[in-house]
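Notes for the one structure printed next.
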Amino acid sequence: MKLEIWSDVVCPWCAIGRARLRTALAGHAHRDEVTVRWRSFELEPDAPRERGDGAEHLASTFGVSVEAARRMQDRVAATAAQDGLEFHVDRARHGNTADAHRLLHHAWETGGPALQDTLKGRLLQASFTDGEPIGDPGALARIAVDAGLDDGAVRDVLGSDRYLDDVRADEDLARRLGITSVPFLVVDDRYGVAGAQPVDALRQLLDTAWAERGTPARS
């Protein structure tokens, strides 16, 4: 069974959604026959390499006060904690994520789904827990090597525009599928589910999709 997930590494709900999916998959009877692939979706493709205060940016985006934005961040961090994640939103140094997505494509090509998922987890941790500048090539290189990628190959990718066409292809497919927010999960080209769904809902989805494998897709 194939799971494709459009997400961004500066999206807190994408981190929460990944944690919930991992929990749901751990209890799935056929988990060893499920392939997860992370697809690219840039929430802010025109973002600079590094932004300033995340709360100020959030306030500007949603038209609320900085204090209200910080309360929003606190609520998300509290939700993340319930799913076993440690968020330090005050440390966040978000920015352009195109290079991070290019590395995720490189991880898929060189190490398959396991390496790509490991890198995805490290990028999300770097973004929401460690306060790494997620748009900085030096930081990305350290994160990728720590995840198990080859140092020389990583620096070659970051010093070029390799995989940028793959990033754009993922985003073009997202537009054609009508995906406007992330995370967005597509199961076997059959089911599309938006948002960080609860674990029980994901378990039911996985069971239903598995049971219907081999039957014609619904029109």
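Please note that chains go A, B, ... in the order of the structure tokens, that every chain numbers its residues from 1, and that ligands are numbered from 1 in the order shown.
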
Find the spatial neighbours of A:Ser40, counting only C-alpha atoms, within a cut-off of 9 Å - ignore same-chain residues fewer than 2 positions away - and output them as a list in words.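 Contacts, in chain order: Ile5, Trp6, Ser7, Asp8, Trp38, Glu42, Ala98, His101, Arg102, Leu104, His105, Asp166, Val167, Arg168, Ala169, Asp170, Glu171 and Ala174 of chain A.
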
Writer output for current selection, C-alpha atoms, as a CSV table (one decimal), in the first residue's frame:
```csv
chain,number,residue,atom,x,y,z
A,5,ILE,CA,2.0,12.9,2.1
A,6,TRP,CA,2.3,16.5,1.0
A,7,SER,CA,3.8,18.5,3.8
A,8,ASP,CA,6.4,21.2,4.7
A,38,TRP,CA,7.0,12.5,1.5
A,42,GLU,CA,6.2,24.9,0.3
A,98,ALA,CA,13.2,24.5,-1.1
A,101,HIS,CA,12.7,19.5,0.0
A,102,ARG,CA,15.5,18.9,-2.5
A,104,LEU,CA,14.2,14.9,0.8
A,105,HIS,CA,14.1,13.9,-2.8
A,166,ASP,CA,11.1,17.2,-8.6
A,167,VAL,CA,10.0,19.7,-5.9
A,168,ARG,CA,8.1,21.7,-8.5
A,169,ALA,CA,6.5,18.5,-9.9
A,170,ASP,CA,5.2,17.6,-6.5
A,171,GLU,CA,3.7,21.0,-6.0
A,174,ALA,CA,-0.7,19.1,-5.5
```

Stretch 19-209 of chain A: residues DSSP assigns to alpha helix (DSSP H), reported as a PyMOL selection string: chain A and resi 19-26+54-62+66-82+98-125+137-147+151-158+164-177+199-209

For a quick check of understanding, using only C-alpha atoms, which of A:Phe128, A:Ser181, A:Arg18, A:Gly121 has the smallest distance to A:Glu44?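 Under the stated criterion, the closest residue is A:Ser181.
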
For A:Glu109, which residue out of A:Thr23, A:Gly95, A:Glu50, A:Tyr163 is the nearest one, using only C-alpha atoms?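 That would be A:Tyr163, the residue with the smallest distance to A:Glu109.
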
Pick from A:Ala47, A:Val36, A:Ala209, A:Ala153: nearest to A:Gly112, with only C-alpha atoms counted?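 Closest residue, counting only C-alpha atoms: A:Val36.
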
Between A:Pro133, A:Glu4, A:Val66, A:Gly111, which one has atoms that come closest to A:Pro48, using only C-alpha atoms? A:Pro133

Would you kindly return, as a PyMOL selection string, each protein, DNA or RNA residue with an atom no farther than 12 Å from any atom of A:Thr79, considering only C-alpha atoms and excluding same-chain residues fewer than 2 positions away? chain A and resi 12-13+15-17+19-20+72-77+81-87+196+198

Write out as a tab-separated table a residue-level contact list of stretch 73-108 of chain A versus stretch 158-162 of chain A with cut-off 9 Å: for each qualifying residue the closest pair of atoms and the distance in Å to one decimal, counting only C-alpha atoms, rows sorted by chain and residue number upward.
```
residue	atom	partner	partner_atom	distance
A:Asp99	CA	A:Leu158	CA	6.8
A:Arg102	CA	A:Arg162	CA	7.1
A:Leu103	CA	A:Leu158	CA	7.9
A:His106	CA	A:Arg162	CA	8.6
```

Just list as a VMD selection string whatever in stretch 9-213 of chain A DSSP marks as strand (DSSP E or B). chain A and resid 35 to 40 93 133 184 to 187 191 to 194

Saved selection, atoms kept: C-alpha atoms, as a compact mmCIF listing (two decimals), in the first residue's frame:
```
# COMPACT_ATOMS: atom_id res chain seq x y z
CA THR A 35 5.42 2.51 1.66
CA VAL A 36 5.41 6.11 2.86
CA ARG A 37 6.64 8.84 0.54
CA TRP A 38 6.96 12.49 1.54
CA ARG A 39 5.97 14.93 -1.19
CA SER A 40 7.01 18.57 -1.40
CA ARG A 93 14.21 30.02 12.88
CA PRO A 133 17.91 27.86 10.72
CA PHE A 184 -2.45 16.03 3.02
CA LEU A 185 -2.38 12.24 2.78
CA VAL A 186 -3.18 10.23 -0.36
CA VAL A 187 -3.59 6.47 0.01
CA TYR A 191 -8.29 8.31 -0.71
CA GLY A 192 -7.30 11.87 0.08
CA VAL A 193 -7.32 13.09 3.68
CA ALA A 194 -6.49 16.62 4.85
```

Selection: 10 Å around stretch 55-60 of chain A, only C-alpha atoms, excl. self and same-chain fewer than 6 positions, as a VMD selection string: chain A and resid 66 to 73 89 to 90 92

Only C-alpha atoms, please: the residues just picked out, written as a PDB file, in the first residue's frame.
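Written file, out-v2.pdb:
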```pdb
ATOM      1  CA  VAL A  66       1.658  39.108  18.627  1.00  0.00           C
ATOM      2  CA  GLU A  67       0.341  38.036  22.026  1.00  0.00           C
ATOM      3  CA  ALA A  68      -2.511  36.134  20.377  1.00  0.00           C
ATOM      4  CA  ALA A  69      -0.056  34.539  17.961  1.00  0.00           C
ATOM      5  CA  ARG A  70       2.087  33.351  20.866  1.00  0.00           C
ATOM      6  CA  ARG A  71      -0.981  31.830  22.493  1.00  0.00           C
ATOM      7  CA  MET A  72      -1.660  30.007  19.214  1.00  0.00           C
ATOM      8  CA  GLN A  73       1.891  28.688  19.262  1.00  0.00           C
ATOM      9  CA  VAL A  89       8.490  27.445  19.198  1.00  0.00           C
ATOM     10  CA  ASP A  90      10.376  30.333  20.758  1.00  0.00           C
ATOM     11  CA  ALA A  92      12.143  28.522  15.700  1.00  0.00           C
TER      12      ALA A  92
END
```

If I take atom CA of A:Leu3 and atom CA of A:Ala78, how far is one from the other in Å, to one decimal?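 Separating atom CA of A:Leu3 from atom CA of A:Ala78 is a distance of 27.2 Å.
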
Can you list, as a PDB file with C-alpha atoms, in the first residue's frame, every protein, DNA or RNA residue that comes within 8 Å of A:Ser127 when you count only C-alpha atoms, leaving out same-chain residues fewer than 2 positions away?
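In the end it all went to out-v2.pdb:
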```pdb
ATOM      1  CA  VAL A   9       9.123  21.113   7.295  1.00  0.00           C
ATOM      2  CA  VAL A  10       8.008  24.419   8.868  1.00  0.00           C
ATOM      3  CA  ALA A  92      12.143  28.522  15.700  1.00  0.00           C
ATOM      4  CA  ARG A  93      14.212  30.021  12.879  1.00  0.00           C
ATOM      5  CA  HIS A  94      12.045  29.287   9.899  1.00  0.00           C
ATOM      6  CA  LEU A 123      14.178  18.257   9.654  1.00  0.00           C
ATOM      7  CA  LEU A 124      10.982  18.614  11.674  1.00  0.00           C
ATOM      8  CA  GLN A 125      12.929  18.211  14.918  1.00  0.00           C
ATOM      9  CA  THR A 129      12.670  21.541  18.764  1.00  0.00           C
ATOM     10  CA  ASP A 130      16.278  22.488  18.082  1.00  0.00           C
ATOM     11  CA  GLY A 131      15.812  25.949  16.595  1.00  0.00           C
ATOM     12  CA  GLU A 132      18.012  25.294  13.566  1.00  0.00           C
ATOM     13  CA  PRO A 133      17.907  27.865  10.724  1.00  0.00           C
ATOM     14  CA  ILE A 134      16.023  25.569   8.375  1.00  0.00           C
TER      15      ILE A 134
END
```

Using Å and a single decimal, report how far atom CA of A:Arg22 sits from atom CA of A:Arg213.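 According to the coordinates, atom CA of A:Arg213 and atom CA of A:Arg22 are separated by 20.9 Å.
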
One decimal, Å: what's the distance from atom CA of A:Asp165 over to atom CA of A:Leu119, could you say? 19.7 Å

Leaving out stretch 31-34 of chain A and any residue of its chain fewer than 5 positions from it, which residues lie within 6 Å of it when counting only C-alpha atoms, given as a list in words?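 The residues satisfying every condition are Met1, Lys2 and Leu25 of chain A.
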
Can you pull out every residue within 6 Å of A:Val199, counting only C-alpha atoms, but drop anything in the same chain fewer than 2 positions away, and send it as a ChimeraX atom specification? /A:20,24,201-202

Using only N, CA and C atoms, please write the residues we just selected to a file, as a PDB file, in the first residue's frame.
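Final output, saved to out.pdb:
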```pdb
ATOM      1  N   ARG A  20       1.419  11.031  14.531  1.00  0.00           N
ATOM      2  CA  ARG A  20       0.178  10.257  14.616  1.00  0.00           C
ATOM      3  C   ARG A  20       0.164   9.130  13.589  1.00  0.00           C
ATOM      4  N   ALA A  24      -0.218   5.121  14.206  1.00  0.00           N
ATOM      5  CA  ALA A  24      -1.231   4.313  13.524  1.00  0.00           C
ATOM      6  C   ALA A  24      -0.592   3.158  12.755  1.00  0.00           C
ATOM      7  N   ALA A 201      -8.645   7.590  13.591  1.00  0.00           N
ATOM      8  CA  ALA A 201      -9.135   7.820  12.237  1.00  0.00           C
ATOM      9  C   ALA A 201      -8.134   7.299  11.211  1.00  0.00           C
ATOM     10  N   LEU A 202      -6.855   7.475  11.485  1.00  0.00           N
ATOM     11  CA  LEU A 202      -5.829   6.968  10.570  1.00  0.00           C
ATOM     12  C   LEU A 202      -5.818   5.444  10.554  1.00  0.00           C
TER      13      LEU A 202
END
```
